[in-house]
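Okay, structure first, notes after.
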Amino acid sequence: MTPRPGLVLEVDGSTPPTLFWHGERFVLEKLPEGSRVVYAPEPLVPLEDPVGAIRHALLHPLGDRDPLPAMLRPGMRLTVCFDDVSLPLPPMQAPDVRQLVMEQVLDMAAEAGVDDVVLVAALALHRRMTEAELRHALGDRIYEAFAPNGLLTQHDAEDPDNLVHLGTTDKGEDVEINKRAATSDLIVYVNINLVAMDGGHKSVATGLASYRSLRHHHNPKTMVHSRSFMDAPSSELHSSNWRMGRLIADSGVKVFQIETTLNTDTFPRQFGFLQRREWEWSVRDRAMYAAAAAALDRTPPRVARQVFHSIRAPHALVSVQAGEVEAVHAVTTANIWKQQGVEVDGQTDILTMGLPYISPYNVNSIMNPILVACLGLGYFFNLYRGQPLVRRGGVVILHHPTSWEFHPGHHPSYIDFFEEVLSDTTDPVEISKTYEESFATDPWYVHLYRTGHAYHGVHPFYMWYWCAHALDHLGRVIVVGGDPAAVRRMGFSPATRLADALEMASDVVGRSPSLTHLHTPPLLMADVR
Amino acid sequence: MKHARFPFRAPTWPAGLPRPAPERRVGLEYDHEWSRRYPVRLARAIVLDNVTRPAARLIAPATVRGAEHLRHVASPVIFAANHASHLDTPLLLTTLPVRFRHRTVVAAAADHFFDRRWKAAMWSFGVAAIPFERARVNRRSADVAAELLGSGWNLVIFPEGGRSPDGWAQPFRPASAAYLARRTGRPVVPVHVNGTRHVLPKGGERRLPRRSPVSVVFGTPLTPDEGEDVRRFAGRIETAVAVLADEVASDWWDARRRAARGGTPSLRGPETTGWRRSWALDPRPKAGPDPWPSI
Amino acid sequence: MRSLVFERNLPRFAASRIASTLGSGRGAAVGPLRLLDTEPPELPGPGWVRVSPLLSGICGSDLATLDGRSSRYFEHVVSFPFVPGHEVVGVLETGARVVIEPVLGCAARGIDPPCPACARGQLGNCERLAFGHLRPGLQTGYCADTGGGWSHAGLVAHESQLHAVPGTFLDEDAVVVEPVACATHAVCNAGLQGGETVAVVGAGTLGLAVVAAVSALSVAGHVGAPGALFVGARYPHQRRLAGELGASAALAPDQLGRAVRRKTGSLSMADPRPGRPGGPLTGGADVVFDCVGSADSIDQSLAVVRPRGRVVLVGMPGRIHVDLAPLWHREVRLLGAYAYGTERLASGATARTFDLAFEVVAAHGLGRLVSATYPIERFEEAVQHAGAAGRRGSVKVAFDLRHNEARHHGDLRHNEARHHGDLRHNEARHHGDGRDGDARHLARSTTSGRDGRSSTGGTS
């Protein structure tokens with residue numbers, strides 16, 4: 001059966017309640033009649049022979065590039081970069097796509113007799129990956145061949161000895177990237193393009209960049225003008241990255257881009273109801289829902305978190321393309337739209353979303369309030385093309401426990417950001433002016449970022465800037481079920497139940513507002529007409 | 001106890017008298033004769049068959065091939081194996097045919113296994129280890145090994161002199177199996193152990209073993225030719241083990257044909273350095289189905 | 001006349017020690033403190049006067065004594081039976097309102113020539129606390145001969161102990177002068193240089209008084225103005241008050257270390273795993289005022305102070321278990337800060353601590369720290385309230401001895417107008433707090449205030 005496209009359902013009297021994620025739980029909510037629910041398209045049929053498809057892509061590159069084997073020769077410097085632990089979500093079942101692609105790349109390099117190969121995790125300012133995470137992403141074979149010899153490295157944006165400044169763009173943006181990569185004869189970049197934002201020139205220009213370079217596009221001004229950052233042509237974030245990427249190409253750095261797209265098969269079969277439309281739930285689905293909901297009600301949050309973070313998604317490869325960056329990315333973007341695009345007619349007054357337990361920045365970690373805001377107002381709000389799903393001055397209602405809880409090892413600067421910065425102001429522009437510099441240069445954060453598994457000191461600021469477009473656009477943000485203290489700290493309003501939240505929203509959008517629910521995950525992109 | 005006085009506690013040594021160095025009873029000097037007395041052998045046999053063997057099966061399910069080569073060999077013999085992991089010794093001992101298993105001693109590095117009395121005792125009891133000098137012929141340790149071979153004990157020895165640092169074998173040293181075979185006239189059985197580095201590699205952060213299938217292959221016994229020097233004989237043993245490795249990687253017939261052509265891949269890996277050397281190693285075998293339901 | 005008397009009674013000591021494990025102040029009902037009819041104490045000699053208390057505060061050290069947690073060190077500088085209460089505002093027979101400086105030094109004990117400390121004006125360090133013509137007692141309120149503040153029978157005070165209360169002061173302002181003087185003394189002895197990072201651990205009366213003293217004295221130029229003043233406080237009302245009194249940030253205790261780390265740009269040795277306590281900082285605050293005096297608070301102080309920094313113990317510690325390795329390794333100076341005397345100011349001038357304390361109280365209107373007052377007949381409730389002050393949204397709990405006595409009308413009359421204006425103000429502020437407990441006690445205190453006024457009005 002061919003997978004069905006996405007669907008916008010109008011809730012009527014016989015529509016069953018709608019599933020909302022609520023952190024490490026989920027609930028069924030009865031939406032008012034006349035509300036719309038946006039469902040993602042069903043997962044596309046995976047490639048039958050992923051390894052064969054990868055080899056084919058490497059041998060038949062797009063754009064102005066030779067087949068990979070032709071670009072490999074003995075004595076060359078080859079750097080293979082790959083996306084970090086933030087992709088895909090949830091982490092996919094072994095073997096990871098990065099492993100499949102890189103094994104082919106390395107086999108070709110071995111055949112060609114390339115001795116000088118270094119692997120670089122393109123972390124940007126993300127936390128370093130642990131051994132287990134690297135082994136999961138790359139497979140034991142790659143890990144064991146490279147890690148013991150120090151050839152498996154993680155990009156360090158604070159290592160002055162391993163950064164090189166390539167110049168400034170015509171808009172005055174510094175381009176400073178990983179020196180090993182910049183001085184290689186060839187960079188092979190292995191992408192997982194989970195959402196439309198990923199990949200393209202952003203891979204190298206962001207993934208391998210330093211703070212000095214990143215601050216030119218990771219700031220409130222750029223983010224407010226990225227509408228949305230999921231739609232590259234209308235995204236200031238991407239324009240900046242493209243300028244940088246072209247400068248990188250012009251300065252002689254040769255990139256062989258490999259981009260892969262996955263289908264949205266997000267949850268294992270036992271949890272199939274999480275990605276099925278409620279009126280199609282089988283007896284088994286309903287039993288699983290009831291059992292899971294009952295069990296989670298009785299599970300301490302910490303245990304529930306561990307259970308959820310051990311979920312491995314059955315994502316499967318649906319396309320792989322390789323070659324020159326821009327040519328590859330055009331095809332990739334089209335493929336992502338094919339999987340995730342849903343047409344939606346017109347904006348809404350109230351947009352509701354249930355936020356799951358995971359965001360790109362808390363894989364195997366704790367989803368702290370800032371990440372809740374970022375997932376809701378940064379990622380989900382921006383899953384649109386054309387115009388936002390919610391009208392200007394409208395209301396977004398998030399469904400998430402938003403507990404005042406942080407992972408001190410992964411998110412040390414988030415704690416101080418939340419306690420020190422947000423207690424002062426929540427205005428992204430003000431925050432960036434007053435506080436960004438001191439967090440970015442705090443030696444303790446730098447130390448933890450470089451030697452531990454901590455996000456960079458400035459990273460919580462980026463999370464907040466990610467929300468800048470939404471904060472600018474919305475009239476009010478309400479969090480259902482959130483810890484009131486934490487929710488208020490961010491300038492949002494806490495509500496106990498969805499009904500209360502709708503009542504509160506009516507202060508802003510009137511007594512008979514239109515309501516749309518974003519039924520995600522699985523991920524979707526709304527094409528709002 | 002704090003206040004116990006002299007007759008009730010050990011005397012302190014007068015400061016004015018020099019304290020002699022302690023008698024060194026570890027390393028090559030360790031007296032391991034006790035470990036071959038009958039009650040100890042009996043206890044070891046019980047532990048080996050009832051504890052070590054099931055434990056080894058659990059973490060490293062082994063495929064054993066070539067045991068038929070041992071059927072007509074007269075004991076005692078010298079087993080010469082490649083060495084990648086601490087697991088090799090218990091694995092080898094527990095896969096030997098019963099005829100050999102309980103009458104075999106293991107030559108173990110004196111500096112590593114016999115540096116403390118408790119460690120020495122543990123290894124002597126557990127696998128009937130005897131201290132052996134890694135790199136060169138040491139009169140004492142060679143005498144002991146030869147004497148044991150003479151009195152009917154089989155010997156397991158790793159001619160590389162230590163575990164492989166990178167997964168590929170090191171050169172087989174003449175001062176071990178080849179020398180002893182020459183001296184005692186006993187045959188050498190080449191043994192190839194494969195996959196143990198995936199279970200418990202040398203070095204690294206991991207201290208706990210990780211379950212992975214392994215294989216043990218016994219070859220036909222070798223004896224030094226007339227006038228063959230020890231160095232040449234050591235090379236011949238290494239080649240014999242390499243052929244067994246080739247047999248595991250492909251099949252017996254192909255391996256024989258390559259051996260006949262002299263085309264057996266070396267145990268020591270490709271000539272290149274760096275990542276390509278590691279890359280050429282065989283990957284970890286596919287894990288079986290996960291014993292836990294995935295949720 | 002009714003007084004609260006603390007007697008030497010071992011079974012009752014033991015009972016209060018056990019009862020106080022349920023919570024500070026819980027031992028009052030079974031402890032050695034009893035409400036008795038007593039005669040006013042005799043005047044010990046010339047230069048002594050009678051003082052009738054108006055308000056008398058319940059101090060942390062009083063609570064420790066009642067709970068039986070006090071250090072045995074004090075055994076030899078206390079004489080039984082005594083009437084507690086050393087935070088006292090009262091009236092003299094002349095009608096003048098005074099605050100007592102309770103330390104019983106050489107002057108009060110008739111020792112001449114005075115000991116070296118008293119000769120220098122460092123009253124708190126007096127070396128003759130158990131000698132002279134008085135029985136032992138480090139302060140009024142711990143001495144069998146002087147009486148104490150928790151009494152309608154009044155107390156006797158040497159004229160060197162009296163400080164006239166300005167007419168603009170409410171009784172509530174005056175009663176906190178003594179604890180504020182302790183805080184002032186601590187602040188003046190911390191050697192504050194300008195621009196330093198200062199942390200205050202704990203925000204009970206003493207903690208808040210330290211915050212007020214640091215900001216008032218630095219504004220007046222008496223001590224260096226800190227670059228940042230962080231307060232670690234457990235309860236929200238304490239954080240709100242600390243912010244009002246001039247803290248640059250008032251934080252939950254677990255946030256204090258992080259804020260200091262951020263400000264001073266130091267590193268931390270915290271365990272990066274979730275659920276682990278924060279570790280010590282590599283650098284830290286220049287000065288830490290420990291206003292609790294418990295093992296935990298001293299541990300925290302040592303964790304946030306920089307190497308060679310100063311930790312000032314303002315709260316009274318007892319026999320506690322503290323790891324001093326960081327003190328040794330970081331060469332931290334641990335300073336005690338007891339009572340008051342004479343301070344040397346940044347300008348080089350000297351001033352009596354109490355005079356500075358009056359300034360601090362006036363600058364910040366610290367009478368608002370008095371959250372509740374009780375008649376002494378309800379001492380069990382009062383002591384329990386004081387023991388749980390933080391949890392119940394309060395700061396200072398005091399005994400109100402005004403309503404029973406009609407002796408000092410003349411004095412109260414000129415306060416009347418002020419009472420009218422200020423109490424209303426006071427009320428509004430307390431209601432803003434929105435706490436039931438507070439409102440109840442406030443109601444009581446305002447009622448008693450009005451009673452006082454109406455009786456005054458009747459006689460005039």
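Chain labels follow the order of the structure tokens: the first chain is A, the next B, and so on; residue numbering restarts at 1 in every chain, and ligands are counted from 1 in their shown order.
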Run DSSP on the backbone and give me the residues of range 71-203 of chain A it puts in alpha helix (DSSP H), as an MDAnalysis selection string.
chainID A and resid 71 97:112 131:146 179:182 202:203
So which residues of range 284-379 of chain C fall under strand (DSSP E) by DSSP, listed as a PyMOL selection string?
chain C and resi 285-290+305-313+333-336+342-344+350-352+370-374
Could you name the residues that touch His112 in chain B at 12 Å or less, counting only C-alpha atoms, but leaving out those on the same chain fewer than 5 positions away, as a list in words?
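The residues that qualify are Val26, Gly27, Leu28, His86, Ala107, Arg117, Lys119, Ala120, Trp123, Ala129, Ile130, Pro131, Phe132, Glu133, Arg134, Gly161, Gly162 and Arg163 of chain B.
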Keeping N, CA, C and O atoms for every residue in the selection just given, could you write it to a file as a PDB file, in the first residue's frame?
ATOM      1  N   VAL B  26      58.411 -13.967  44.155  1.00  0.00           N
ATOM      2  CA  VAL B  26      57.417 -13.764  43.093  1.00  0.00           C
ATOM      3  C   VAL B  26      58.140 -13.760  41.754  1.00  0.00           C
ATOM      4  O   VAL B  26      59.350 -13.959  41.681  1.00  0.00           O
ATOM      5  N   GLY B  27      57.419 -13.526  40.688  1.00  0.00           N
ATOM      6  CA  GLY B  27      58.013 -13.526  39.356  1.00  0.00           C
ATOM      7  C   GLY B  27      58.540 -14.905  39.029  1.00  0.00           C
ATOM      8  O   GLY B  27      57.944 -15.928  39.363  1.00  0.00           O
ATOM      9  N   LEU B  28      59.715 -14.930  38.408  1.00  0.00           N
ATOM     10  CA  LEU B  28      60.280 -16.211  37.984  1.00  0.00           C
ATOM     11  C   LEU B  28      60.625 -17.098  39.170  1.00  0.00           C
ATOM     12  O   LEU B  28      60.737 -18.309  39.049  1.00  0.00           O
ATOM     13  N   HIS B  86      43.246 -11.547  27.206  1.00  0.00           N
ATOM     14  CA  HIS B  86      43.380 -12.378  28.401  1.00  0.00           C
ATOM     15  C   HIS B  86      42.447 -13.571  28.359  1.00  0.00           C
ATOM     16  O   HIS B  86      42.612 -14.532  29.086  1.00  0.00           O
ATOM     17  N   ALA B 107      52.291 -21.318  30.054  1.00  0.00           N
ATOM     18  CA  ALA B 107      53.409 -20.399  30.257  1.00  0.00           C
ATOM     19  C   ALA B 107      52.855 -18.986  30.263  1.00  0.00           C
ATOM     20  O   ALA B 107      52.284 -18.532  29.278  1.00  0.00           O
ATOM     21  N   ARG B 117      52.099 -12.112  45.181  1.00  0.00           N
ATOM     22  CA  ARG B 117      51.896 -13.493  45.595  1.00  0.00           C
ATOM     23  C   ARG B 117      50.462 -13.952  45.347  1.00  0.00           C
ATOM     24  O   ARG B 117      50.219 -15.053  44.889  1.00  0.00           O
ATOM     25  N   LYS B 119      48.353 -12.855  43.128  1.00  0.00           N
ATOM     26  CA  LYS B 119      48.075 -13.045  41.709  1.00  0.00           C
ATOM     27  C   LYS B 119      48.710 -14.355  41.234  1.00  0.00           C
ATOM     28  O   LYS B 119      48.097 -15.139  40.498  1.00  0.00           O
ATOM     29  N   ALA B 120      49.962 -14.563  41.668  1.00  0.00           N
ATOM     30  CA  ALA B 120      50.667 -15.781  41.285  1.00  0.00           C
ATOM     31  C   ALA B 120      49.861 -17.008  41.712  1.00  0.00           C
ATOM     32  O   ALA B 120      49.645 -17.944  40.931  1.00  0.00           O
ATOM     33  N   TRP B 123      46.633 -17.452  39.515  1.00  0.00           N
ATOM     34  CA  TRP B 123      46.835 -17.997  38.173  1.00  0.00           C
ATOM     35  C   TRP B 123      47.376 -19.419  38.223  1.00  0.00           C
ATOM     36  O   TRP B 123      47.027 -20.251  37.390  1.00  0.00           O
ATOM     37  N   ALA B 129      49.221 -21.944  35.735  1.00  0.00           N
ATOM     38  CA  ALA B 129      50.216 -21.109  35.067  1.00  0.00           C
ATOM     39  C   ALA B 129      51.600 -21.342  35.665  1.00  0.00           C
ATOM     40  O   ALA B 129      51.736 -21.628  36.852  1.00  0.00           O
ATOM     41  N   ILE B 130      52.611 -21.231  34.824  1.00  0.00           N
ATOM     42  CA  ILE B 130      53.990 -21.216  35.318  1.00  0.00           C
ATOM     43  C   ILE B 130      54.635 -19.939  34.784  1.00  0.00           C
ATOM     44  O   ILE B 130      54.315 -19.484  33.687  1.00  0.00           O
ATOM     45  N   PRO B 131      55.486 -19.313  35.585  1.00  0.00           N
ATOM     46  CA  PRO B 131      56.079 -18.042  35.127  1.00  0.00           C
ATOM     47  C   PRO B 131      57.063 -18.284  33.998  1.00  0.00           C
ATOM     48  O   PRO B 131      57.831 -19.239  34.024  1.00  0.00           O
ATOM     49  N   PHE B 132      56.995 -17.380  32.997  1.00  0.00           N
ATOM     50  CA  PHE B 132      57.858 -17.552  31.838  1.00  0.00           C
ATOM     51  C   PHE B 132      58.374 -16.196  31.407  1.00  0.00           C
ATOM     52  O   PHE B 132      57.647 -15.207  31.425  1.00  0.00           O
ATOM     53  N   GLU B 133      59.625 -16.154  31.048  1.00  0.00           N
ATOM     54  CA  GLU B 133      60.200 -14.892  30.568  1.00  0.00           C
ATOM     55  C   GLU B 133      59.649 -14.626  29.174  1.00  0.00           C
ATOM     56  O   GLU B 133      59.677 -15.499  28.307  1.00  0.00           O
ATOM     57  N   ARG B 134      59.176 -13.378  28.940  1.00  0.00           N
ATOM     58  CA  ARG B 134      58.516 -13.085  27.669  1.00  0.00           C
ATOM     59  C   ARG B 134      59.441 -13.183  26.458  1.00  0.00           C
ATOM     60  O   ARG B 134      59.149 -13.838  25.473  1.00  0.00           O
ATOM     61  N   GLY B 161      54.716 -13.569  22.854  1.00  0.00           N
ATOM     62  CA  GLY B 161      55.296 -12.960  24.053  1.00  0.00           C
ATOM     63  C   GLY B 161      54.384 -11.949  24.708  1.00  0.00           C
ATOM     64  O   GLY B 161      54.776 -11.284  25.660  1.00  0.00           O
ATOM     65  N   GLY B 162      53.174 -11.797  24.193  1.00  0.00           N
ATOM     66  CA  GLY B 162      52.255 -10.839  24.813  1.00  0.00           C
ATOM     67  C   GLY B 162      51.064 -10.646  23.908  1.00  0.00           C
ATOM     68  O   GLY B 162      51.049 -11.122  22.770  1.00  0.00           O
ATOM     69  N   ARG B 163      50.061  -9.942  24.428  1.00  0.00           N
ATOM     70  CA  ARG B 163      48.859  -9.741  23.629  1.00  0.00           C
ATOM     71  C   ARG B 163      49.117  -8.714  22.531  1.00  0.00           C
ATOM     72  O   ARG B 163      49.917  -7.781  22.705  1.00  0.00           O
TER      73      ARG B 163
END
Give me, as number ranges by chain, all polymer residues having an atom no more than 8 Å from range 340-343 of chain A, counting only C-alpha atoms and skipping those fewer than 5 positions away in the same chain.
A: 5-8, 38-41, 264, 523-529
Prev. selection, all heavy atoms, output as a compact mmCIF listing (two decimals), in the first residue's frame:
# COMPACT_ATOMS: atom_id res chain seq x y z
N PRO A 5 -0.67 10.61 2.01
CA PRO A 5 -0.13 11.94 2.31
C PRO A 5 -0.69 12.45 3.63
O PRO A 5 -1.55 11.82 4.24
CB PRO A 5 -0.62 12.79 1.14
CG PRO A 5 -1.84 12.10 0.65
CD PRO A 5 -1.63 10.64 0.90
N GLY A 6 -0.19 13.62 4.05
CA GLY A 6 -0.66 14.23 5.28
C GLY A 6 -2.12 14.62 5.18
O GLY A 6 -2.73 14.55 4.11
N LEU A 7 -2.69 15.01 6.31
CA LEU A 7 -4.12 15.23 6.36
C LEU A 7 -4.40 16.36 7.34
O LEU A 7 -3.77 16.46 8.39
CB LEU A 7 -4.79 13.95 6.86
CG LEU A 7 -6.27 14.02 7.21
CD1 LEU A 7 -7.10 14.13 5.95
CD2 LEU A 7 -6.67 12.78 8.00
N VAL A 8 -5.36 17.23 6.95
CA VAL A 8 -5.85 18.20 7.92
C VAL A 8 -7.27 17.80 8.25
O VAL A 8 -8.16 17.83 7.40
CB VAL A 8 -5.82 19.63 7.34
CG1 VAL A 8 -6.36 20.61 8.38
CG2 VAL A 8 -4.41 20.00 6.94
N VAL A 38 -3.52 18.69 12.26
CA VAL A 38 -2.64 18.44 11.12
C VAL A 38 -1.87 17.16 11.37
O VAL A 38 -1.10 17.06 12.34
CB VAL A 38 -1.65 19.61 10.91
CG1 VAL A 38 -0.88 19.41 9.62
CG2 VAL A 38 -2.39 20.95 10.91
N TYR A 39 -2.11 16.15 10.52
CA TYR A 39 -1.42 14.86 10.63
C TYR A 39 -0.31 14.77 9.60
O TYR A 39 -0.46 15.24 8.47
CB TYR A 39 -2.40 13.72 10.41
CG TYR A 39 -3.34 13.49 11.57
CD1 TYR A 39 -4.58 14.11 11.61
CD2 TYR A 39 -2.98 12.66 12.62
CE1 TYR A 39 -5.44 13.91 12.67
CE2 TYR A 39 -3.84 12.45 13.68
CZ TYR A 39 -5.07 13.07 13.71
OH TYR A 39 -5.91 12.86 14.77
N ALA A 40 0.78 14.16 10.01
CA ALA A 40 1.92 14.01 9.10
C ALA A 40 1.62 12.94 8.05
O ALA A 40 0.80 12.05 8.29
CB ALA A 40 3.15 13.60 9.90
N PRO A 41 2.27 13.03 6.88
CA PRO A 41 2.15 11.94 5.91
C PRO A 41 2.70 10.65 6.51
O PRO A 41 3.53 10.68 7.42
CB PRO A 41 3.03 12.40 4.74
CG PRO A 41 3.23 13.85 4.94
CD PRO A 41 3.14 14.10 6.39
N THR A 264 9.65 8.92 8.14
CA THR A 264 9.22 9.36 9.47
C THR A 264 8.70 8.20 10.30
O THR A 264 7.81 8.38 11.11
CB THR A 264 8.13 10.43 9.35
OG1 THR A 264 7.15 9.95 8.43
CG2 THR A 264 8.71 11.73 8.86
N LEU A 523 7.38 14.07 12.38
CA LEU A 523 7.58 15.42 11.89
C LEU A 523 6.77 15.70 10.64
O LEU A 523 6.55 14.82 9.81
CB LEU A 523 9.05 15.64 11.57
CG LEU A 523 9.94 15.79 12.81
CD1 LEU A 523 11.39 15.68 12.41
CD2 LEU A 523 9.67 17.11 13.50
N LEU A 524 6.36 16.95 10.52
CA LEU A 524 5.71 17.37 9.29
C LEU A 524 6.09 18.82 9.04
O LEU A 524 6.59 19.51 9.92
CB LEU A 524 4.18 17.24 9.42
CG LEU A 524 3.49 18.04 10.52
CD1 LEU A 524 3.15 19.44 10.05
CD2 LEU A 524 2.22 17.33 10.94
N MET A 525 5.88 19.26 7.81
CA MET A 525 6.12 20.66 7.45
C MET A 525 4.81 21.19 6.88
O MET A 525 4.26 20.63 5.93
CB MET A 525 7.19 20.76 6.37
CG MET A 525 8.60 20.52 6.85
SD MET A 525 9.27 21.96 7.69
CE MET A 525 9.44 23.09 6.34
N ALA A 526 4.31 22.27 7.47
CA ALA A 526 3.04 22.81 7.01
C ALA A 526 3.29 23.82 5.90
O ALA A 526 4.09 24.74 6.07
CB ALA A 526 2.30 23.46 8.16
N ASP A 527 2.62 23.60 4.79
CA ASP A 527 2.71 24.55 3.68
C ASP A 527 1.46 25.42 3.82
O ASP A 527 0.38 25.04 3.38
CB ASP A 527 2.71 23.78 2.36
CG ASP A 527 3.29 24.62 1.24
OD1 ASP A 527 3.57 25.80 1.49
OD2 ASP A 527 3.45 24.07 0.13
N VAL A 528 1.59 26.56 4.47
CA VAL A 528 0.41 27.34 4.83
C VAL A 528 0.07 28.32 3.71
O VAL A 528 0.88 29.17 3.34
CB VAL A 528 0.63 28.08 6.16
CG1 VAL A 528 -0.65 28.81 6.57
CG2 VAL A 528 1.05 27.11 7.24
N ARG A 529 -1.11 28.15 3.14
CA ARG A 529 -1.54 29.01 2.02
C ARG A 529 -2.21 30.26 2.55
O ARG A 529 -2.90 30.22 3.55
CB ARG A 529 -2.51 28.24 1.11
CG ARG A 529 -1.91 26.99 0.53
CD ARG A 529 -0.79 27.35 -0.45
NE ARG A 529 0.12 26.24 -0.64
CZ ARG A 529 -0.04 25.33 -1.61
NH1 ARG A 529 -1.04 25.38 -2.42
NH2 ARG A 529 0.85 24.38 -1.76
At a cut-off of 8 Å, using only C-alpha atoms, what residues contact range 88-100 of chain B? Leave out same-chain residues fewer than 6 positions from it and give the result as a ChimeraX atom specification.
/B:48-49,52-53,56,64,67,75,106,127,154,193,196,216
CA of Pro522 in chain A to CA of Leu44 in chain A, straight-line distance in Å:
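The value is 12.2 Å.
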Do a neighbour search on Arg319 in chain C at 10 Å with only C-alpha atoms, toss out local chain neighbours closer than 2 positions, and write the hits as a PyMOL selection string.
chain C and resi 69-73+294-295+317+321-322
Just to confirm, what's the straight-line distance from CA of His158 in chain C to CA of Thr184 in chain C in Å (one decimal)?
22.8 Å
Exercise: Leu206 in chain C partners within 10 Å, only C-alpha atoms, chain neighbours under 3 positions left out, as a PyMOL selection string:
chain C and resi 59-60+176+179-184+200+202-203+209-212+289-292+314-315+395-396
Write out the residues from the selection above, keeping C-alpha atoms, as a PDB file, in the first residue's frame.
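In the end it all went to again-v9.pdb:
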ATOM      1  CA  CYS C  59      17.290  35.766  69.268  1.00  0.00           C
ATOM      2  CA  GLY C  60      18.799  32.687  67.626  1.00  0.00           C
ATOM      3  CA  VAL C 176      16.215  45.299  66.161  1.00  0.00           C
ATOM      4  CA  PRO C 179      20.948  42.330  66.271  1.00  0.00           C
ATOM      5  CA  VAL C 180      21.760  44.983  63.684  1.00  0.00           C
ATOM      6  CA  ALA C 181      24.666  46.055  65.875  1.00  0.00           C
ATOM      7  CA  CYS C 182      25.973  42.460  65.774  1.00  0.00           C
ATOM      8  CA  ALA C 183      25.732  42.532  61.992  1.00  0.00           C
ATOM      9  CA  THR C 184      27.347  45.965  61.846  1.00  0.00           C
ATOM     10  CA  VAL C 200      25.800  36.127  52.640  1.00  0.00           C
ATOM     11  CA  GLY C 202      21.374  32.617  55.365  1.00  0.00           C
ATOM     12  CA  ALA C 203      18.838  35.420  55.524  1.00  0.00           C
ATOM     13  CA  ALA C 209      20.841  42.784  58.985  1.00  0.00           C
ATOM     14  CA  VAL C 210      24.214  42.050  57.402  1.00  0.00           C
ATOM     15  CA  VAL C 211      22.806  42.873  53.980  1.00  0.00           C
ATOM     16  CA  ALA C 212      21.355  46.107  55.317  1.00  0.00           C
ATOM     17  CA  PHE C 289      29.179  36.112  55.926  1.00  0.00           C
ATOM     18  CA  ASP C 290      27.884  32.919  57.455  1.00  0.00           C
ATOM     19  CA  CYS C 291      24.706  34.028  59.183  1.00  0.00           C
ATOM     20  CA  VAL C 292      23.560  30.551  60.178  1.00  0.00           C
ATOM     21  CA  VAL C 314      27.994  35.889  62.327  1.00  0.00           C
ATOM     22  CA  GLY C 315      25.596  33.152  63.364  1.00  0.00           C
ATOM     23  CA  VAL C 395      11.841  37.191  60.394  1.00  0.00           C
ATOM     24  CA  LYS C 396      11.974  38.519  63.954  1.00  0.00           C
TER      25      LYS C 396
END
Here CA of Ala190 in chain C and CA of Gly224 in chain C stand apart by 10.2 Å
Each chain A residue no farther than 12 Å from chain C, nearest pair in Å, only C-alpha atoms, as CSV:
residue,atom,partner,partner_atom,distance
A:Arg302,CA,C:Pro274,CA,10.6
A:Asn364,CA,C:Pro274,CA,11.9
A:Ser365,CA,C:Pro274,CA,9.2
A:Ile366,CA,C:Pro274,CA,8.9
A:Glu405,CA,C:Pro274,CA,9.2
A:Phe406,CA,C:Pro274,CA,7.6
A:His407,CA,C:Pro274,CA,5.3
A:Pro408,CA,C:Pro272,CA,5.3
A:Gly409,CA,C:Pro272,CA,3.8
A:His410,CA,C:Pro272,CA,7.6
A:His411,CA,C:Pro272,CA,9.4
A:Pro412,CA,C:Pro272,CA,8.3
A:Ser413,CA,C:Arg262,CA,9.6
A:Tyr414,CA,C:Arg258,CA,11.4
A:Ile415,CA,C:Arg258,CA,8.6
A:Asp416,CA,C:Arg258,CA,6.9
A:Phe417,CA,C:Arg262,CA,10.3
A:Phe418,CA,C:Gln255,CA,10.8
A:Glu419,CA,C:Gln255,CA,7.7
A:Glu420,CA,C:Ala259,CA,7.5
A:Val421,CA,C:Ala259,CA,10.9
A:Ser423,CA,C:Ala249,CA,10.1
A:Asp424,CA,C:Ala249,CA,10.3
A:Tyr435,CA,C:Arg262,CA,11.2
A:Ser438,CA,C:Arg262,CA,8.8
A:Phe439,CA,C:Arg262,CA,8.5
A:Ala440,CA,C:Arg262,CA,11.7
A:Thr441,CA,C:Gly265,CA,9.4
A:Asp442,CA,C:Gly265,CA,6.3
A:Pro443,CA,C:Gly265,CA,6.9
A:Trp444,CA,C:Leu267,CA,4.8
A:Tyr445,CA,C:Leu267,CA,8.4
A:Val446,CA,C:Leu267,CA,10.0
A:His447,CA,C:Leu267,CA,8.4
A:Leu448,CA,C:Pro272,CA,9.0
A:Tyr449,CA,C:Pro272,CA,11.7
A:Thr451,CA,C:Pro272,CA,11.6
A:Gly452,CA,C:Pro272,CA,8.3
A:His453,CA,C:Pro272,CA,8.8
A:Ala454,CA,C:Pro272,CA,8.9
A:Gly457,CA,C:Arg262,CA,11.2
